[in-house]
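In what follows, a structure is listed as structure tokens, so that the remarks can point back to it.
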Amino acid sequence: MSHYCSVRPWLLAAAFSALAFFVVPSLAVEVAPAPRVAGTLPEIKAPADLDQAFLIEIKKRSEIMKNLQYLSDVIGGRLTGSKNLDRASHWTLEKMKSYGLVNVHLEPWEIPLGWERGFARMKVIEPENGRELTIASYAWTPGTKGKVVGDVVIVKAKKKEDLEPYKGKLKNAVVLTAPPSNVAPVLDLSVNPTTLPTPEPKRERDDQPRRPFDFDRTFRSEMNEFLKSEGVACTVLDSQKPHGLLNMTGNWPSDRAGGGGGAGGGGENSLPRIFMVHEHYALLYRLASRTDAPTRVELEIENKFIPGPITVYNTVGEIRGSEKPDEVVVVGAHLDSWDLGSGTTDNGTGSCVVLESARAISTLTSLGHRPKRTIRFVLFTGEEEGLWGSKRYVERHKDEMDNHSAALVHDTGTGKVMGFALHNRKESLKILEPQLTSLSSLEGWKGLDLGQLGGTDHLSFHAVGVPGFACRQDMEGYRLTHHSQSDTFDKAKEPNLIQGAQIMAVTATRIANLPEKLPREVVPKKGKE
């Protein structure tokens, strides 16, 4: 028995309290927290016991909602390149340190041009009903340089030649290029609160809404140049969501360093573009379809460009491996968001699930259960503009990619994790399936599959051969909230996020403790991922 047992507990506590008074605050954050008392954690003699310890630790002591509320309500929406995103990056840095992670740092990369949203207003003046229309600027597009009054014109064109009839007729016009989308209604939630529109499957770039054009990218670029040369006031996109919800996307210009943009990309010299709520878009389209009277609107948009380059950061922290510290399992999510709401479900939820899995693994590590490989927690930025943060991570760590065993990413809002899509990695399925049997006790877990998921940061790893797996999740209203002004903290569902953190912690640790890294498999392409 230790001789410290002879000291009276209250004297020892008082002594430590007195010492704490003199600790320099700047140093305190660097000190790893004391291990938590195991409490209700089981005795750990086998991997299944460790799984259960993670499930209990996260269920009993989760900090997900506390962190998510701060990220959503105090920091708010986190547009790439914004002050809010910079605050979030530094806040997550300190949070990782407080959880006892090591090698915690910010990895800088640059975007070529910043952008700040101003106001956007439009009202119908002919017919003379004065109806205000709900709109928001497409990101990285300019304003109108004052009020503009113009006709609403439907431009029907699928190739360059189709634009000729409009030549000389579009000065100050507000242009619609597609009919209203077929938006599924939200059914009566008082009858069945779980009934929501059937979501689309994830696509290669989930930051883009369904394309309002049914022609190729080359013609989109030609059309944009034509409309700009004709002096169009702006183009309008249907937000494609029900009940007055907006949508959002956008990018810096493709001709700037760092890429992005593509056809229709933004910038100071691009054409103003706006998203309009579906109901108002459909109204405007019906009015503009009349042949017996013109439709006119008054429009004013003000936005601000911030000269670049602008430094943004990925937040990185680690739990070092005990046996193979140079081999890495990445647990990640994207920290950036769009700016109409508070970025809760896209992707504050994933970011806080990653932080919680880091807290839990660090807690069990402090109790003597260190993973064999390094588990690296990464909060990427620039995902919404095209996975740029994870691409920059892969470039920065290119010499380490062979030592990356896997990358796990959480990015479909507040729904339960049903499994992981393994992108036809059959050998990985054989290895992982027996490793994850403990997860069968969790509500919602269905297991692994060989299917594909797109739209988020695992693809940057997948592209260089690293097994990159995104969570397959229940949608839980994600198609309504994501990219909209309704992406707010009240949509978060704590039990689902706890389940997600449990799955991420168990899966990451199991992969870290495998005898070998997951195999690099030649994955046959099956359409776009």
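Order determines the names: the first chain of the structure tokens is A, the second B, and so forth; residues in each chain are numbered 1 upward, and ligands are numbered 1 upward as they are shown.
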
- Mind checking which residues fall within 12 Å of Leu429 of chain A, counting only C-alpha atoms, ignoring those fewer than 2 positions away in the same chain, and posting them as a list in words? Gly419, Phe420, Ala421, Leu422, His423, Asn424, Arg425, Lys426, Glu427, Ile431, Leu432, Glu433, Pro434, Gln435, Leu436, Gly447, Leu448, Asp449, Leu450, Gly451, Pro467, Phe469, Ile511, Leu518, Pro519 and Glu521 of chain A

- Which polymer residues have any atom within 12 Å of an atom of Pro108 of chain A, counting only C-alpha atoms, with same-chain residues fewer than 5 positions away left out, as a PyMOL selection string? chain A and resi 81+86+89-90+309-316+380-382+388-390+392-393+396

Using the selection just defined, write its residues with N, CA, C and O atoms as a compact mmCIF listing (two decimals), in the first residue's frame.
# COMPACT_ATOMS: atom_id res chain seq x y z
N GLY A 81 -13.33 30.40 -45.05
CA GLY A 81 -12.66 31.70 -45.16
C GLY A 81 -13.21 32.77 -44.25
O GLY A 81 -12.68 33.87 -44.20
N ASP A 86 -12.68 30.50 -38.58
CA ASP A 86 -11.40 30.64 -37.90
C ASP A 86 -11.58 30.46 -36.39
O ASP A 86 -10.80 29.78 -35.72
N SER A 89 -12.09 26.76 -35.70
CA SER A 89 -10.84 25.99 -35.80
C SER A 89 -10.02 26.12 -34.52
O SER A 89 -9.49 25.13 -34.00
N HIS A 90 -9.92 27.33 -34.01
CA HIS A 90 -9.14 27.53 -32.78
C HIS A 90 -9.85 26.96 -31.56
O HIS A 90 -9.21 26.44 -30.64
N PRO A 309 -4.74 35.74 -50.94
CA PRO A 309 -5.22 34.47 -50.38
C PRO A 309 -5.56 34.58 -48.90
O PRO A 309 -5.05 35.43 -48.19
N ILE A 310 -6.47 33.69 -48.46
CA ILE A 310 -6.92 33.65 -47.07
C ILE A 310 -6.57 32.28 -46.50
O ILE A 310 -6.84 31.25 -47.12
N THR A 311 -5.94 32.30 -45.33
CA THR A 311 -5.54 31.04 -44.69
C THR A 311 -6.68 30.45 -43.90
O THR A 311 -7.34 31.14 -43.12
N VAL A 312 -6.95 29.18 -44.15
CA VAL A 312 -7.91 28.41 -43.36
C VAL A 312 -7.16 27.19 -42.81
O VAL A 312 -6.01 26.93 -43.19
N TYR A 313 -7.82 26.44 -41.92
CA TYR A 313 -7.10 25.38 -41.22
C TYR A 313 -7.91 24.09 -41.13
O TYR A 313 -9.14 24.12 -40.99
N ASN A 314 -7.21 22.98 -41.18
CA ASN A 314 -7.72 21.71 -40.67
C ASN A 314 -7.23 21.56 -39.24
O ASN A 314 -6.06 21.84 -38.94
N THR A 315 -8.11 21.12 -38.33
CA THR A 315 -7.72 20.89 -36.94
C THR A 315 -7.34 19.43 -36.77
O THR A 315 -8.11 18.54 -37.15
N VAL A 316 -6.17 19.17 -36.20
CA VAL A 316 -5.63 17.81 -36.11
C VAL A 316 -5.16 17.53 -34.69
O VAL A 316 -4.51 18.37 -34.05
N PHE A 380 -11.87 18.74 -41.04
CA PHE A 380 -11.51 19.35 -42.31
C PHE A 380 -12.30 20.63 -42.53
O PHE A 380 -13.40 20.82 -42.00
N THR A 381 -11.76 21.51 -43.36
CA THR A 381 -12.49 22.70 -43.79
C THR A 381 -12.58 22.68 -45.32
O THR A 381 -11.96 21.87 -45.99
N GLY A 382 -13.39 23.59 -45.86
CA GLY A 382 -13.52 23.68 -47.31
C GLY A 382 -14.21 22.49 -47.96
O GLY A 382 -14.15 22.35 -49.18
N TRP A 388 -12.03 20.48 -50.33
CA TRP A 388 -10.68 21.04 -50.46
C TRP A 388 -9.80 20.77 -49.25
O TRP A 388 -8.59 20.52 -49.39
N GLY A 389 -10.36 20.82 -48.05
CA GLY A 389 -9.53 20.59 -46.86
C GLY A 389 -8.98 19.19 -46.80
O GLY A 389 -7.79 18.98 -46.48
N SER A 390 -9.79 18.19 -47.11
CA SER A 390 -9.29 16.81 -47.09
C SER A 390 -8.34 16.56 -48.25
O SER A 390 -7.37 15.80 -48.10
N ARG A 392 -6.29 18.81 -49.36
CA ARG A 392 -5.03 19.43 -48.92
C ARG A 392 -4.37 18.57 -47.84
O ARG A 392 -3.14 18.49 -47.77
N TYR A 393 -5.17 17.93 -46.99
CA TYR A 393 -4.60 17.01 -46.01
C TYR A 393 -3.87 15.88 -46.72
O TYR A 393 -2.72 15.53 -46.35
N ARG A 396 -0.65 17.21 -48.17
CA ARG A 396 0.33 17.53 -47.13
C ARG A 396 0.97 16.26 -46.55
O ARG A 396 2.15 16.25 -46.22

- Within 12 Å of Val506 of chain A, counting only C-alpha atoms, which residues qualify if same-chain residues fewer than 6 places away don't, as an MDAnalysis selection string? chainID A and resid 47:58 331 357:358 360:361 364 371 375 408 432 435:440 442 499:500 512:513

Next, dump the selected residues to file, keeping only C-alpha atoms, as an mmCIF file, in the first residue's frame.
data_model
loop_
_atom_site.group_PDB
_atom_site.id
_atom_site.type_symbol
_atom_site.label_atom_id
_atom_site.label_comp_id
_atom_site.auth_asym_id
_atom_site.auth_seq_id
_atom_site.Cartn_x
_atom_site.Cartn_y
_atom_site.Cartn_z
ATOM 1 C CA PRO A 47 -11.487 -6.495 -27.148
ATOM 2 C CA ALA A 48 -15.229 -6.959 -26.590
ATOM 3 C CA ASP A 49 -14.829 -5.551 -23.079
ATOM 4 C CA LEU A 50 -13.127 -2.478 -24.514
ATOM 5 C CA ASP A 51 -16.015 -2.084 -26.963
ATOM 6 C CA GLN A 52 -18.458 -2.117 -24.070
ATOM 7 C CA ALA A 53 -16.353 0.397 -22.173
ATOM 8 C CA PHE A 54 -16.631 2.808 -25.109
ATOM 9 C CA LEU A 55 -20.391 2.303 -25.312
ATOM 10 C CA ILE A 56 -20.789 3.020 -21.599
ATOM 11 C CA GLU A 57 -18.337 5.927 -21.422
ATOM 12 C CA ILE A 58 -20.009 7.772 -24.286
ATOM 13 C CA VAL A 331 -11.489 9.825 -37.749
ATOM 14 C CA SER A 357 -14.976 9.793 -29.987
ATOM 15 C CA ALA A 358 -11.635 11.503 -29.304
ATOM 16 C CA ALA A 360 -13.777 8.594 -25.132
ATOM 17 C CA ILE A 361 -10.707 6.969 -26.712
ATOM 18 C CA LEU A 364 -9.748 4.712 -22.103
ATOM 19 C CA PRO A 371 -4.568 1.655 -29.336
ATOM 20 C CA ILE A 375 -5.740 7.411 -34.192
ATOM 21 C CA LEU A 408 -13.777 7.167 -41.247
ATOM 22 C CA LEU A 432 -14.047 -5.840 -40.373
ATOM 23 C CA GLN A 435 -14.561 -7.084 -35.558
ATOM 24 C CA LEU A 436 -17.749 -5.073 -35.175
ATOM 25 C CA THR A 437 -20.155 -7.606 -33.679
ATOM 26 C CA SER A 438 -20.395 -5.558 -30.464
ATOM 27 C CA LEU A 439 -22.196 -2.843 -32.409
ATOM 28 C CA SER A 440 -25.179 -5.117 -33.037
ATOM 29 C CA LEU A 442 -26.939 -0.489 -30.807
ATOM 30 C CA GLN A 499 -24.847 6.174 -31.108
ATOM 31 C CA GLY A 500 -22.694 7.659 -33.888
ATOM 32 C CA ALA A 512 -6.132 0.534 -35.039
ATOM 33 C CA ASN A 513 -5.692 -2.786 -33.209
#

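Between atom CA of Gly114 of chain A and atom CA of Pro307 of chain A the interatomic distance comes to 6.3 Å.
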
- Query: Which of these, A:Cys234, A:Ala508, A:Val417, A:Leu453, has the shortest distance to Val330 of chain A once you count only C-alpha atoms?
  - Reply: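 Checking each of A:Cys234, A:Ala508, A:Val417, A:Leu453 against Val330 of chain A, counting only C-alpha atoms, the winner is A:Ala508.
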
- Please identify all polymer residues within 10 Å of Asp402 of chain A, counting only C-alpha atoms, omitting same-chain residues fewer than 2 positions from it, and present them as number ranges by chain. A: 327-328, 397-400, 404-405, 464-466, 517, 520
